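Visitor: The file below is entry.cif, mmCIF, C-alpha atoms (C1' of nucleotides):
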data_protein
#
loop_
_atom_site.label_atom_id
_atom_site.label_comp_id
_atom_site.auth_asym_id
_atom_site.auth_seq_id
_atom_site.Cartn_x
_atom_site.Cartn_y
_atom_site.Cartn_z
CA MET A 1 -63.46 19.62 36.74
CA SER A 2 -60.89 19.43 39.44
CA LEU A 3 -57.62 19.71 37.60
CA LYS A 4 -58.16 23.35 38.42
CA HIS A 5 -58.49 22.55 42.08
CA ALA A 6 -55.61 20.12 42.11
CA ILE A 7 -53.45 22.94 40.77
CA MET A 8 -54.75 25.26 43.46
CA VAL A 9 -54.02 22.76 46.21
CA LEU A 10 -50.42 22.76 45.02
CA LEU A 11 -50.24 26.54 44.54
CA GLU A 12 -51.81 27.21 47.93
CA THR A 13 -48.75 26.02 49.81
CA GLU A 14 -46.18 27.33 47.35
CA ALA A 15 -46.19 29.59 44.30
CA GLY A 16 -44.75 28.17 41.12
CA SER A 17 -44.56 28.04 37.34
CA GLY A 18 -46.33 25.66 35.02
CA TYR A 19 -43.22 23.56 34.83
CA ASP A 20 -42.97 23.50 38.62
CA LEU A 21 -46.52 22.31 38.86
CA LEU A 22 -45.92 19.63 36.31
CA LYS A 23 -43.13 18.25 38.47
CA ARG A 24 -45.11 18.58 41.64
CA PHE A 25 -47.94 16.62 40.09
CA LYS A 26 -45.51 13.84 39.36
CA GLN A 27 -43.89 13.85 42.76
CA ARG A 28 -46.81 14.52 45.03
CA LEU A 29 -50.07 13.71 43.31
CA GLY A 30 -48.76 11.46 40.61
CA PHE A 31 -50.13 8.25 42.10
CA PHE A 32 -53.67 9.49 42.00
CA TRP A 33 -53.69 12.41 39.61
CA GLN A 34 -52.03 12.60 36.26
CA ALA A 35 -51.81 15.76 34.22
CA SER A 36 -49.87 16.47 31.05
CA HIS A 37 -47.96 19.67 30.46
CA GLN A 38 -50.49 20.86 27.90
CA GLN A 39 -53.31 20.39 30.33
CA ILE A 40 -51.50 22.36 33.00
CA TYR A 41 -50.42 25.25 30.80
CA GLN A 42 -53.87 25.57 29.26
CA GLN A 43 -55.54 25.44 32.64
CA LEU A 44 -53.21 28.05 34.13
CA LYS A 45 -54.05 30.37 31.27
CA VAL A 46 -57.77 29.93 31.90
CA MET A 47 -57.37 30.34 35.65
CA TYR A 48 -55.40 33.52 35.13
CA GLN A 49 -58.18 34.91 32.95
CA GLU A 50 -60.67 33.98 35.67
CA GLU A 51 -58.42 35.78 38.18
CA LEU A 52 -58.10 32.74 40.38
CA ILE A 53 -54.34 33.14 40.17
CA ASP A 54 -51.85 35.96 39.62
CA CYS A 55 -48.80 35.84 37.43
CA THR A 56 -45.40 37.52 37.56
CA LEU A 57 -42.60 37.02 35.08
CA GLU A 58 -39.27 35.92 36.47
CA THR A 59 -36.25 36.38 34.26
CA GLN A 60 -33.53 33.85 34.85
CA GLN A 61 -29.92 33.86 33.74
CA GLY A 62 -29.15 30.95 31.48
CA LYS A 63 -32.57 29.38 31.61
CA PRO A 64 -35.77 30.51 29.89
CA ASP A 65 -38.08 32.92 31.70
CA ARG A 66 -40.55 31.54 34.16
CA LYS A 67 -44.11 32.64 34.78
CA ILE A 68 -44.67 32.39 38.49
CA TYR A 69 -48.26 31.91 39.50
CA THR A 70 -49.66 32.72 42.92
CA MET A 71 -53.11 32.32 44.40
CA THR A 72 -55.45 35.31 44.51
CA LYS A 73 -58.05 35.83 47.23
CA ALA A 74 -60.73 34.77 44.74
CA GLY A 75 -58.72 31.63 44.02
CA HIS A 76 -58.39 30.80 47.68
CA LYS A 77 -62.10 31.27 48.14
CA ASP A 78 -62.89 29.09 45.15
CA LEU A 79 -60.58 26.36 46.45
CA LEU A 80 -62.17 26.39 49.88
CA ALA A 81 -65.62 26.18 48.33
CA TRP A 82 -64.50 23.16 46.33
CA LEU A 83 -62.94 21.49 49.34
CA ASN A 84 -66.13 21.94 51.32
CA LYS A 85 -68.31 20.50 48.62
CA ALA A 86 -68.67 16.72 48.45
CA CYS A 87 -66.94 15.23 45.43
CA LYS A 88 -68.54 12.60 43.28
CA PRO A 89 -67.31 9.03 43.37
CA GLN A 90 -64.22 8.41 41.33
CA LYS A 91 -64.80 7.53 37.73
CA ILE A 92 -63.05 4.35 36.72
CA ASN A 93 -62.34 3.39 33.13
CA ASP A 94 -60.03 0.44 33.14
CA SER A 95 -59.41 -0.99 29.72
CA LEU A 96 -57.41 -3.93 31.03
CA LEU A 97 -60.59 -5.24 32.64
CA VAL A 98 -62.56 -4.69 29.45
CA LYS A 99 -59.95 -6.74 27.68
CA LEU A 100 -60.08 -9.47 30.27
CA TYR A 101 -63.85 -9.49 30.03
CA GLY A 102 -63.58 -10.03 26.30
CA GLY A 103 -60.61 -12.33 26.67
CA HIS A 104 -62.41 -15.40 25.32
CA LEU A 105 -61.55 -14.02 21.89
CA LEU A 106 -57.88 -14.33 22.71
CA ASP A 107 -55.36 -16.98 23.54
CA ASN A 108 -54.70 -17.20 27.27
CA THR A 109 -51.01 -16.62 26.74
CA VAL A 110 -51.74 -13.19 25.28
CA LEU A 111 -53.69 -12.28 28.38
CA LEU A 112 -51.04 -13.70 30.66
CA ASN A 113 -48.44 -11.70 28.86
CA GLU A 114 -50.32 -8.50 29.27
CA MET A 115 -50.99 -9.22 32.92
CA ARG A 116 -47.28 -9.65 33.47
CA GLN A 117 -46.49 -6.36 31.80
CA HIS A 118 -48.94 -4.57 34.02
CA ARG A 119 -47.69 -6.43 37.06
CA GLU A 120 -44.24 -5.07 36.46
CA GLN A 121 -45.53 -1.52 36.42
CA HIS A 122 -47.56 -2.05 39.55
CA ASN A 123 -44.56 -3.64 41.24
CA LYS A 124 -42.43 -0.65 40.43
CA ALA A 125 -45.02 1.81 41.64
CA LEU A 126 -45.41 -0.12 44.88
CA ALA A 127 -41.65 -0.25 45.44
CA ILE A 128 -41.39 3.52 45.05
CA MET A 129 -44.24 4.12 47.44
CA LEU A 130 -42.89 1.72 50.05
CA ASP A 131 -39.62 3.56 49.82
CA ILE A 132 -41.27 6.90 50.46
CA GLU A 133 -43.16 5.34 53.34
CA GLN A 134 -39.90 4.17 54.91
CA GLN A 135 -38.45 7.64 54.66
CA TYR A 136 -41.55 8.97 56.36
CA GLN A 137 -41.19 6.47 59.19
CA THR A 138 -37.66 7.68 59.97
CA LEU A 139 -38.87 11.24 60.57
CA ASP A 140 -39.43 12.40 64.12
CA ASN A 141 -42.87 12.86 65.56
CA ARG A 142 -43.14 16.57 64.83
CA GLU A 143 -42.20 16.24 61.19
CA ARG A 144 -44.54 13.31 60.73
CA LYS A 145 -47.43 15.28 62.14
CA GLY A 146 -47.09 17.89 59.41
CA LEU A 147 -47.19 15.21 56.75
CA VAL A 148 -50.05 13.05 57.95
CA LEU A 149 -52.36 13.90 55.07
CA PRO A 150 -49.85 13.27 52.28
CA PHE A 151 -48.91 10.10 54.14
CA LEU A 152 -52.51 8.95 54.08
CA THR A 153 -52.71 9.46 50.34
CA LEU A 154 -49.53 7.42 50.06
CA ARG A 155 -51.17 4.66 52.07
CA ARG A 156 -54.02 4.63 49.59
CA GLY A 157 -51.53 4.02 46.85
CA ILE A 158 -49.79 1.25 48.77
CA LEU A 159 -52.94 -0.60 49.74
CA GLY A 160 -54.31 -0.15 46.24
CA GLU A 161 -51.23 -1.59 44.58
CA GLN A 162 -51.02 -4.49 46.99
CA ALA A 163 -54.63 -5.32 46.23
CA TRP A 164 -53.92 -5.12 42.52
CA LEU A 165 -51.01 -7.52 42.85
CA ALA A 166 -53.00 -9.97 44.97
CA TRP A 167 -55.64 -9.92 42.26
CA ALA A 168 -53.03 -10.49 39.57
CA ASP A 169 -51.93 -13.62 41.44
CA GLU A 170 -55.49 -14.94 41.28
CA VAL A 171 -55.81 -14.12 37.60
CA GLU A 172 -52.56 -15.79 36.69
CA VAL A 173 -53.56 -18.96 38.51
CA PHE A 174 -56.79 -19.13 36.53
CA LEU A 175 -55.21 -18.28 33.20
CA SER A 176 -52.43 -20.81 33.64
CA LYS A 177 -54.88 -23.69 34.08
CA MET B 178 -60.09 5.52 23.07
CA SER B 179 -61.56 2.27 24.13
CA LEU B 180 -65.21 3.07 24.74
CA LYS B 181 -65.45 1.91 21.16
CA HIS B 182 -63.83 -1.38 22.06
CA ALA B 183 -65.80 -1.83 25.22
CA ILE B 184 -68.94 -1.53 23.11
CA MET B 185 -67.60 -4.08 20.67
CA VAL B 186 -66.76 -6.54 23.43
CA LEU B 187 -70.41 -6.37 24.45
CA LEU B 188 -71.73 -6.51 20.88
CA GLU B 189 -69.47 -9.39 19.98
CA THR B 190 -71.39 -11.84 22.15
CA GLU B 191 -74.83 -10.37 21.53
CA ALA B 192 -76.35 -7.77 19.22
CA GLY B 193 -78.24 -4.92 20.81
CA SER B 194 -79.51 -1.36 20.74
CA GLY B 195 -77.93 1.68 22.35
CA TYR B 196 -80.26 1.34 25.25
CA ASP B 197 -79.36 -2.34 25.63
CA LEU B 198 -75.70 -1.47 25.68
CA LEU B 199 -76.28 1.20 28.28
CA LYS B 200 -77.82 -1.39 30.56
CA ARG B 201 -75.15 -3.96 29.83
CA PHE B 202 -72.49 -1.45 30.74
CA LYS B 203 -74.16 -0.99 34.09
CA GLN B 204 -74.65 -4.67 34.76
CA ARG B 205 -71.48 -6.15 33.38
CA LEU B 206 -68.78 -3.53 33.06
CA GLY B 207 -70.18 -0.98 35.46
CA PHE B 208 -67.61 -1.58 38.18
CA PHE B 209 -64.72 -0.71 35.93
CA TRP B 210 -66.22 1.16 33.01
CA GLN B 211 -68.80 3.87 33.13
CA ALA B 212 -70.45 5.30 30.05
CA SER B 213 -73.38 7.69 29.77
CA HIS B 214 -76.17 7.29 27.26
CA GLN B 215 -74.93 10.25 25.23
CA GLN B 216 -71.50 8.74 24.99
CA ILE B 217 -72.89 5.43 23.80
CA TYR B 218 -75.32 6.82 21.23
CA GLN B 219 -72.70 9.15 19.80
CA GLN B 220 -70.13 6.41 19.64
CA LEU B 221 -72.52 3.98 17.94
CA LYS B 222 -73.23 6.60 15.30
CA VAL B 223 -69.52 7.06 14.65
CA MET B 224 -68.89 3.32 14.60
CA TYR B 225 -71.71 2.84 12.14
CA GLN B 226 -70.18 5.46 9.87
CA GLU B 227 -66.86 3.67 10.16
CA GLU B 228 -68.66 0.42 9.28
CA LEU B 229 -67.47 -1.34 12.38
CA ILE B 230 -71.09 -2.19 13.12
CA ASP B 231 -74.31 -2.72 11.17
CA CYS B 232 -77.73 -1.44 12.07
CA THR B 233 -81.26 -2.70 11.52
CA LEU B 234 -84.43 -1.02 12.67
CA GLU B 235 -86.77 -3.06 14.83
CA THR B 236 -90.31 -1.79 15.20
CA GLN B 237 -91.97 -2.69 18.45
CA GLN B 238 -95.59 -2.52 19.46
CA GLY B 239 -96.16 -0.17 22.36
CA LYS B 240 -92.53 0.80 22.83
CA PRO B 241 -90.42 3.11 20.66
CA ASP B 242 -88.44 1.63 17.78
CA ARG B 243 -85.06 0.12 18.46
CA LYS B 244 -81.93 0.30 16.37
CA ILE B 245 -80.26 -3.05 16.66
CA TYR B 246 -76.53 -3.00 16.10
CA THR B 247 -74.44 -5.98 15.10
CA MET B 248 -70.75 -6.42 14.52
CA THR B 249 -69.38 -6.34 10.98
CA LYS B 250 -66.33 -8.29 9.88
CA ALA B 251 -64.33 -5.06 9.92
CA GLY B 252 -65.51 -4.44 13.46
CA HIS B 253 -64.50 -7.91 14.57
CA LYS B 254 -61.10 -7.43 13.02
CA ASP B 255 -60.67 -4.05 14.69
CA LEU B 256 -61.66 -5.53 18.04
CA LEU B 257 -59.18 -8.37 17.73
CA ALA B 258 -56.44 -5.92 16.81
CA TRP B 259 -57.24 -3.88 19.90
CA LEU B 260 -57.30 -6.94 22.13
CA ASN B 261 -53.92 -8.02 20.87
CA LYS B 262 -52.34 -4.65 21.44
CA ALA B 263 -51.04 -3.86 24.92
CA CYS B 264 -53.10 -1.24 26.66
CA LYS B 265 -51.57 1.61 28.57
CA PRO B 266 -51.70 1.70 32.34
CA GLN B 267 -54.96 2.92 33.75
CA LYS B 268 -55.26 6.63 34.22
CA ILE B 269 -56.31 7.57 37.71
CA ASN B 270 -57.79 10.92 38.64
CA ASP B 271 -59.11 10.69 42.13
CA SER B 272 -60.33 14.00 43.49
CA LEU B 273 -60.96 12.62 46.96
CA LEU B 274 -57.23 12.14 47.34
CA VAL B 275 -56.54 15.62 46.04
CA LYS B 276 -58.90 16.89 48.69
CA LEU B 277 -57.26 14.85 51.40
CA TYR B 278 -53.87 16.09 50.27
CA GLY B 279 -55.10 19.65 50.65
CA GLY B 280 -57.09 18.82 53.75
CA HIS B 281 -55.02 21.04 56.06
CA LEU B 282 -57.20 23.88 54.80
CA LEU B 283 -60.25 22.15 56.24
CA ASP B 284 -61.57 21.04 59.57
CA ASN B 285 -60.98 17.34 60.19
CA THR B 286 -64.68 16.76 60.73
CA VAL B 287 -65.38 17.86 57.16
CA LEU B 288 -62.90 15.31 55.87
CA LEU B 289 -64.27 12.62 58.15
CA ASN B 290 -67.73 13.35 56.93
CA GLU B 291 -66.75 13.02 53.33
CA MET B 292 -64.85 9.82 54.03
CA ARG B 293 -67.97 8.37 55.55
CA GLN B 294 -70.08 9.27 52.58
CA HIS B 295 -67.64 7.57 50.28
CA ARG B 296 -67.37 4.60 52.60
CA GLU B 297 -71.08 4.07 52.29
CA GLN B 298 -70.88 3.95 48.53
CA HIS B 299 -67.94 1.57 48.60
CA ASN B 300 -69.74 -0.62 51.11
CA LYS B 301 -72.74 -0.83 48.85
CA ALA B 302 -70.67 -1.63 45.80
CA LEU B 303 -68.83 -4.35 47.70
CA ALA B 304 -72.06 -5.88 48.98
CA ILE B 305 -73.44 -6.10 45.45
CA MET B 306 -70.29 -7.70 44.16
CA LEU B 307 -70.10 -10.22 47.00
CA ASP B 308 -73.65 -11.13 46.20
CA ILE B 309 -72.85 -11.76 42.56
CA GLU B 310 -69.84 -13.78 43.65
CA GLN B 311 -72.04 -15.99 45.82
CA GLN B 312 -74.39 -16.63 42.93
CA TYR B 313 -71.40 -17.61 40.84
CA GLN B 314 -70.22 -20.05 43.48
CA THR B 315 -73.55 -21.88 43.42
CA LEU B 316 -73.23 -22.64 39.71
CA ASP B 317 -71.97 -26.02 38.62
CA ASN B 318 -68.52 -26.55 37.23
CA ARG B 319 -69.50 -26.32 33.60
CA GLU B 320 -71.35 -23.04 33.98
CA ARG B 321 -68.55 -21.55 36.06
CA LYS B 322 -66.01 -22.41 33.40
CA GLY B 323 -67.82 -20.26 30.87
CA LEU B 324 -67.79 -17.32 33.23
CA VAL B 325 -64.23 -17.40 34.49
CA LEU B 326 -63.21 -14.15 32.84
CA PRO B 327 -66.16 -12.08 34.04
CA PHE B 328 -65.61 -13.66 37.44
CA LEU B 329 -62.02 -12.47 37.45
CA THR B 330 -63.10 -8.92 36.70
CA LEU B 331 -65.54 -9.21 39.58
CA ARG B 332 -62.70 -10.32 41.83
CA ARG B 333 -60.81 -7.20 40.87
CA GLY B 334 -63.75 -5.16 42.04
CA ILE B 335 -64.03 -7.05 45.30
CA LEU B 336 -60.35 -6.88 46.18
CA GLY B 337 -60.28 -3.24 45.15
CA GLU B 338 -63.20 -2.29 47.33
CA GLN B 339 -61.89 -4.24 50.28
CA ALA B 340 -58.59 -2.42 49.97
CA TRP B 341 -60.40 0.88 49.79
CA LEU B 342 -62.32 0.14 52.95
CA ALA B 343 -59.20 -1.00 54.80
CA TRP B 344 -57.61 2.28 53.82
CA ALA B 345 -60.65 4.23 54.99
CA ASP B 346 -60.25 2.60 58.41
CA GLU B 347 -56.69 3.88 58.61
CA VAL B 348 -57.71 7.35 57.51
CA GLU B 349 -60.51 7.59 60.01
CA VAL B 350 -58.21 6.57 62.84
CA PHE B 351 -55.78 9.35 61.93
CA LEU B 352 -58.45 11.97 61.39
CA SER B 353 -60.18 11.17 64.67
CA LYS B 354 -57.03 11.83 66.69
"C1'" DA C 355 -18.75 17.66 17.40
"C1'" DT C 356 -23.15 15.62 18.21
"C1'" DT C 357 -26.62 13.70 20.67
"C1'" DT C 358 -29.44 13.63 24.66
"C1'" DA C 359 -31.60 15.39 28.83
"C1'" DT C 360 -33.49 19.16 31.47
"C1'" DT C 361 -35.60 23.47 31.81
"C1'" DA C 362 -39.38 26.32 30.10
"C1'" DT C 363 -43.32 27.61 27.30
"C1'" DG C 364 -46.87 27.51 23.93
"C1'" DC C 365 -50.37 26.95 19.55
"C1'" DA C 366 -53.55 24.41 16.70
"C1'" DA C 367 -56.33 20.62 15.59
"C1'" DT C 368 -58.72 16.88 16.83
"C1'" DT C 369 -61.05 13.74 19.75
"C1'" DA C 370 -63.74 12.70 23.72
"C1'" DA C 371 -66.89 13.67 27.42
"C1'" DT C 372 -70.31 16.43 29.79
"C1'" DT C 373 -74.34 19.21 30.27
"C1'" DG C 374 -78.68 20.58 28.99
"C1'" DC C 375 -82.46 20.08 26.32
"C1'" DA C 376 -85.98 17.51 23.57
"C1'" DT C 377 -89.36 13.93 22.12
"C1'" DA C 378 -92.62 10.01 22.60
"C1'" DT C 379 -95.10 5.91 24.58
"C1'" DG C 380 -96.78 2.99 28.29
"C1'" DG C 381 -97.22 1.57 32.95
"C1'" DT C 382 -97.53 2.30 37.89
"C1'" DC C 383 -98.46 4.91 41.84
"C1'" DT C 384 -101.26 8.16 44.65
"C1'" DA D 385 -106.00 13.51 36.94
"C1'" DG D 386 -101.32 14.20 37.61
"C1'" DA D 387 -96.74 12.63 38.83
"C1'" DC D 388 -93.18 9.71 38.03
"C1'" DC D 389 -90.46 5.82 36.14
"C1'" DA D 390 -88.84 2.83 32.34
"C1'" DT D 391 -88.11 2.41 27.51
"C1'" DA D 392 -85.92 4.44 23.49
"C1'" DT D 393 -83.41 7.93 20.87
"C1'" DG D 394 -81.18 12.05 19.68
"C1'" DC D 395 -79.10 17.25 18.86
"C1'" DA D 396 -76.37 21.20 20.17
"C1'" DA D 397 -73.19 23.55 22.91
"C1'" DT D 398 -69.66 23.55 25.89
"C1'" DT D 399 -65.78 21.86 28.35
"C1'" DA D 400 -61.85 18.95 28.79
"C1'" DA D 401 -58.13 16.11 27.17
"C1'" DT D 402 -55.04 14.36 23.70
"C1'" DT D 403 -51.93 14.54 19.86
"C1'" DG D 404 -48.68 16.68 17.21
"C1'" DC D 405 -45.79 20.26 16.39
"C1'" DA D 406 -42.69 24.13 17.66
"C1'" DT D 407 -39.14 26.99 19.97
"C1'" DA D 408 -34.94 27.91 22.67
"C1'" DA D 409 -31.27 27.77 26.03
"C1'" DT D 410 -27.86 25.18 29.00
"C1'" DA D 411 -25.47 21.16 30.66
"C1'" DA D 412 -23.71 16.70 30.49
"C1'" DA D 413 -22.28 12.82 28.25
"C1'" DT D 414 -20.12 10.15 24.28
#
Once more with this new file: its structure as structure tokens, please.
Guide:
Amino acid sequence: MSLKHAIMVLLETEAGSGYDLLKRFKQRLGFFWQASHQQIYQQLKVMYQEELIDCTLETQQGKPDRKIYTMTKAGHKDLLAWLNKACKPQKINDSLLVKLYGGHLLDNTVLLNEMRQHREQHNKALAIMLDIEQQYQTLDNRERKGLVLPFLTLRRGILGEQAWLAWADEVEVFLSK
Amino acid sequence: MSLKHAIMVLLETEAGSGYDLLKRFKQRLGFFWQASHQQIYQQLKVMYQEELIDCTLETQQGKPDRKIYTMTKAGHKDLLAWLNKACKPQKINDSLLVKLYGGHLLDNTVLLNEMRQHREQHNKALAIMLDIEQQYQTLDNRERKGLVLPFLTLRRGILGEQAWLAWADEVEVFLSK
DNA sequence: ATTTATTATGCAATTAATTGCATATGGTCT
DNA sequence: AGACCATATGCAATTAATTGCATAATAAAT
């Protein structure tokens, strides 16, 4: 399980609450790691019990209290151990492809329709990522250097989405015949 | 949950045992859907209870008995309903990217090493898929027509792997600096 | 005034997936 | 003779993820 370690990667650079982490997942890891708020809160609770992270309560005026989590030494050690251990190949479970595989039971227009819906989402995701990439390109050399690794993960997203869209073109040609 | 529906897509065209389905997953859906034997056996049990599938025992000489599952009308109906319903965007949880994102805590050589291990796996997967594609291309028109949809899922795999490898090239350039 | 969005957290129940173990036969390899 | 692989199925326990519900404050919009 590496939700735990994804959380620690985020906490390592900056302490934060469950809600913070939820937002950071969306902004920073969202293209390749999705986690719901329940998952995060539950996991933080477990990690606190395992003493991988510490917790301090922060009272705020106006807004509800926040539980700020920080890494412990044990947490840092655990994270490093995970980073140094090879991770297994990504597990893919893509129901759109299952559907396409079984698509002979359907009218082509239904498949085409679904493809177009997915295409829209992939188009949007790509647009957002290309935008972030542009912003990155306007930074000066020093700033870019500090962001190389996040940039590389962004590139994965971009190349992945472009490949998806190229594939969708092929599919739509076949289905339109 | 669509493991259930993936199973039904396979059962729809041909009846089979749990073990059969396990192998079919590997051969036919393996590049975009992975299921363990425990998952499949458990799911078949549930589906049988829900009367989505029927079961008959087949005694074999030499080998252990097989439970042959076939679709019921209710199962067929359920499958069609699923096929007609839009599926949500694929959930991605890619721990390699999490690791890369947090890679500043590691030596570059460790990251490079891991990239190379993954590259090998992706290379292998691509080679297998290109091979299947070649076999497909040697078929005559009529045979190809019947396999267009599986072929399109194969294309997804090919384009996806090629994109992955192109990305890996970029990453390795950056990490080698 | 009321709805809606954002911030902030959580429990409880269910569903799904993983891990580890277990059994049994036959064939191949060394 | 012993090891290992393929066929064939399963239980039990644990871990992880999802779904649904719940609370509570502020701010902004209509």
Visitor: Please tabulate, as a tab-separated table, the residues of chain B that come within 10 Å of chain D, each with its closest pair of atoms and the distance in Å to one decimal, counting all atoms listed in the file and ordering rows by chain, then residue number upward.
Guide:
residue	atom	partner	partner_atom	distance
B:Ser194	CA	D:DA392	C1'	9.1
B:Gly195	CA	D:DT393	C1'	8.4
B:Tyr196	CA	D:DA392	C1'	6.7
B:Asp197	CA	D:DA392	C1'	9.7
B:His214	CA	D:DT393	C1'	9.7
B:Gln215	CA	D:DG394	C1'	8.6
B:Tyr218	CA	D:DG394	C1'	8.0
B:Gln219	CA	D:DG394	C1'	9.0
B:Gly239	CA	D:DT391	C1'	9.9
B:Lys240	CA	D:DT391	C1'	6.6
B:Pro241	CA	D:DA392	C1'	5.5
B:Asp242	CA	D:DA392	C1'	6.8
B:Arg243	CA	D:DA392	C1'	6.7
B:Lys244	CA	D:DT393	C1'	9.0
Visitor: For atom CA of B:Ala212 and atom CA of B:Met185, quote the distance in Å rounded to one decimal.
Guide: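 Straight-line distance from atom CA of B:Ala212 to atom CA of B:Met185 works out to 13.6 Å.
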Visitor: Skip stretch 161-171 of chain A itself and residues of its chain fewer than 2 positions away, then list as a ChimeraX atom specification all residues within 12 Å of it, counting only C-alpha atoms (C1' of nucleotides).
Guide: /A:31-32,96-97,100-101,108,111-130,154-159,173-177 /B:267,325-344
Visitor: Write out as a PyMOL selection string which residues come within 9 Å of B:Leu283 when counting all atoms listed in the file, dropping same-chain ones fewer than 3 positions away.
Guide: (chain A and resi 80+83-84) or (chain B and resi 279-280+286-288)
Visitor: Just need the residues of chain C within 12 Å of chain A, counting all atoms listed in the file, so spit them out as a PyMOL selection string.
Guide: chain C and resi 360-365+371-372
Visitor: Mind writing the picked residues with C-alpha atoms (C1' of nucleotides) as a PDB file, keeping the file's coordinate frame?
Guide:
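Saved the output as selection_39.pdb:
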ATOM      1  C1'  DT C 360     -33.490  19.160  31.470  1.00  0.00           C
ATOM      2  C1'  DT C 361     -35.600  23.470  31.810  1.00  0.00           C
ATOM      3  C1'  DA C 362     -39.380  26.320  30.100  1.00  0.00           C
ATOM      4  C1'  DT C 363     -43.320  27.610  27.300  1.00  0.00           C
ATOM      5  C1'  DG C 364     -46.870  27.510  23.930  1.00  0.00           C
ATOM      6  C1'  DC C 365     -50.370  26.950  19.550  1.00  0.00           C
ATOM      7  C1'  DA C 371     -66.890  13.670  27.420  1.00  0.00           C
ATOM      8  C1'  DT C 372     -70.310  16.430  29.790  1.00  0.00           C
TER       9       DT C 372
END
Visitor: Can you tell me which residues surround A:Leu52 at a distance of at most 9 Å, considering all atoms listed in the file, apart from same-chain residues fewer than 4 positions away, and format the answer as a ChimeraX atom specification?
Guide: /A:8,46-48,70-78
Visitor: From the set B:Lys181, B:Lys200, B:His281, B:Lys222, which residue has the shortest atom-to-atom contact distance to chain A, counting all atoms listed in the file?
Guide: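 Of B:Lys181, B:Lys200, B:His281, B:Lys222, the one nearest chain A is B:His281, counting all atoms listed in the file.
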Visitor: Just need the box for stretch 35-46 of chain A, edges along x, y and z, holding every atom the file lists for it with 3 Å tacked onto each side, so centre and edge lengths in Å to one decimal, as AutoDock Vina command-line options.
Guide:
--center_x -52.9 --center_y 23.1 --center_z 31.1 --size_x 15.8 --size_y 20.6 --size_z 12.3
Visitor: Nearest to B:Leu198: which of B:Leu221, B:Ile309, B:Met178, B:Ala258 is it, counting only C-alpha atoms?
Guide: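 For B:Leu198, the nearest of the candidates is B:Leu221.
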Visitor: What's the separation between atom CA of A:Glu51 and atom CA of A:Glu14, in Å to one decimal place?
Guide: 17.5 Å
Visitor: With all atoms listed in the file as the basis for distance, which of B:Leu180, B:Ala192, B:Ile217, B:Cys232 is at the shortest distance from chain A?
Guide: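 Using all atoms listed in the file, chain A sits closest to B:Leu180.
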Visitor: For the atom pair atom CA of A:Phe25 and atom CA of B:Asn270, what is the interatomic distance in Å to one decimal place?
Guide: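 Between atom CA of A:Phe25 and atom CA of B:Asn270 the gap is 11.5 Å.
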Visitor: May I ask which of the residues B:Glu320, B:Glu310, B:Asp231, B:Asp284 is the closest one to chain A, counting only C-alpha atoms?
Guide: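 Of B:Glu320, B:Glu310, B:Asp231, B:Asp284, the one nearest chain A, counting only C-alpha atoms, is B:Asp284.
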Visitor: Between B:Asp271, B:Glu349, B:Glu227, B:Asp317, single out the one closest to chain A, counting all atoms listed in the file.
Guide: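 Using all atoms listed in the file, the shortest distance to chain A belongs to B:Asp271.
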Visitor: Complete the atom set of stretch 318-327 of chain B to N, CA and C atoms and return it as a compact mmCIF listing (two decimals), in the coordinates of the input.
Guide:
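As written to disk, result.txt reads:
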# COMPACT_ATOMS: atom_id res chain seq x y z
N ASN B 318 -69.83 -26.69 37.83
CA ASN B 318 -68.52 -26.55 37.23
C ASN B 318 -68.54 -26.06 35.78
N ARG B 319 -69.46 -26.65 35.02
CA ARG B 319 -69.50 -26.32 33.60
C ARG B 319 -69.88 -24.85 33.38
N GLU B 320 -70.90 -24.43 34.10
CA GLU B 320 -71.35 -23.04 33.98
C GLU B 320 -70.25 -22.07 34.44
N ARG B 321 -69.62 -22.42 35.53
CA ARG B 321 -68.55 -21.55 36.06
C ARG B 321 -67.43 -21.37 35.04
N LYS B 322 -67.10 -22.47 34.37
CA LYS B 322 -66.01 -22.41 33.40
C LYS B 322 -66.25 -21.34 32.34
N GLY B 323 -67.50 -21.24 31.90
CA GLY B 323 -67.82 -20.26 30.87
C GLY B 323 -67.80 -18.83 31.36
N LEU B 324 -67.73 -18.69 32.68
CA LEU B 324 -67.79 -17.32 33.23
C LEU B 324 -66.53 -16.93 34.00
N VAL B 325 -65.46 -17.67 33.74
CA VAL B 325 -64.23 -17.40 34.49
C VAL B 325 -63.76 -15.97 34.31
N LEU B 326 -63.76 -15.49 33.08
CA LEU B 326 -63.21 -14.15 32.84
C LEU B 326 -64.05 -13.05 33.48
N PRO B 327 -65.36 -13.04 33.29
CA PRO B 327 -66.16 -12.08 34.04
C PRO B 327 -65.97 -12.21 35.55
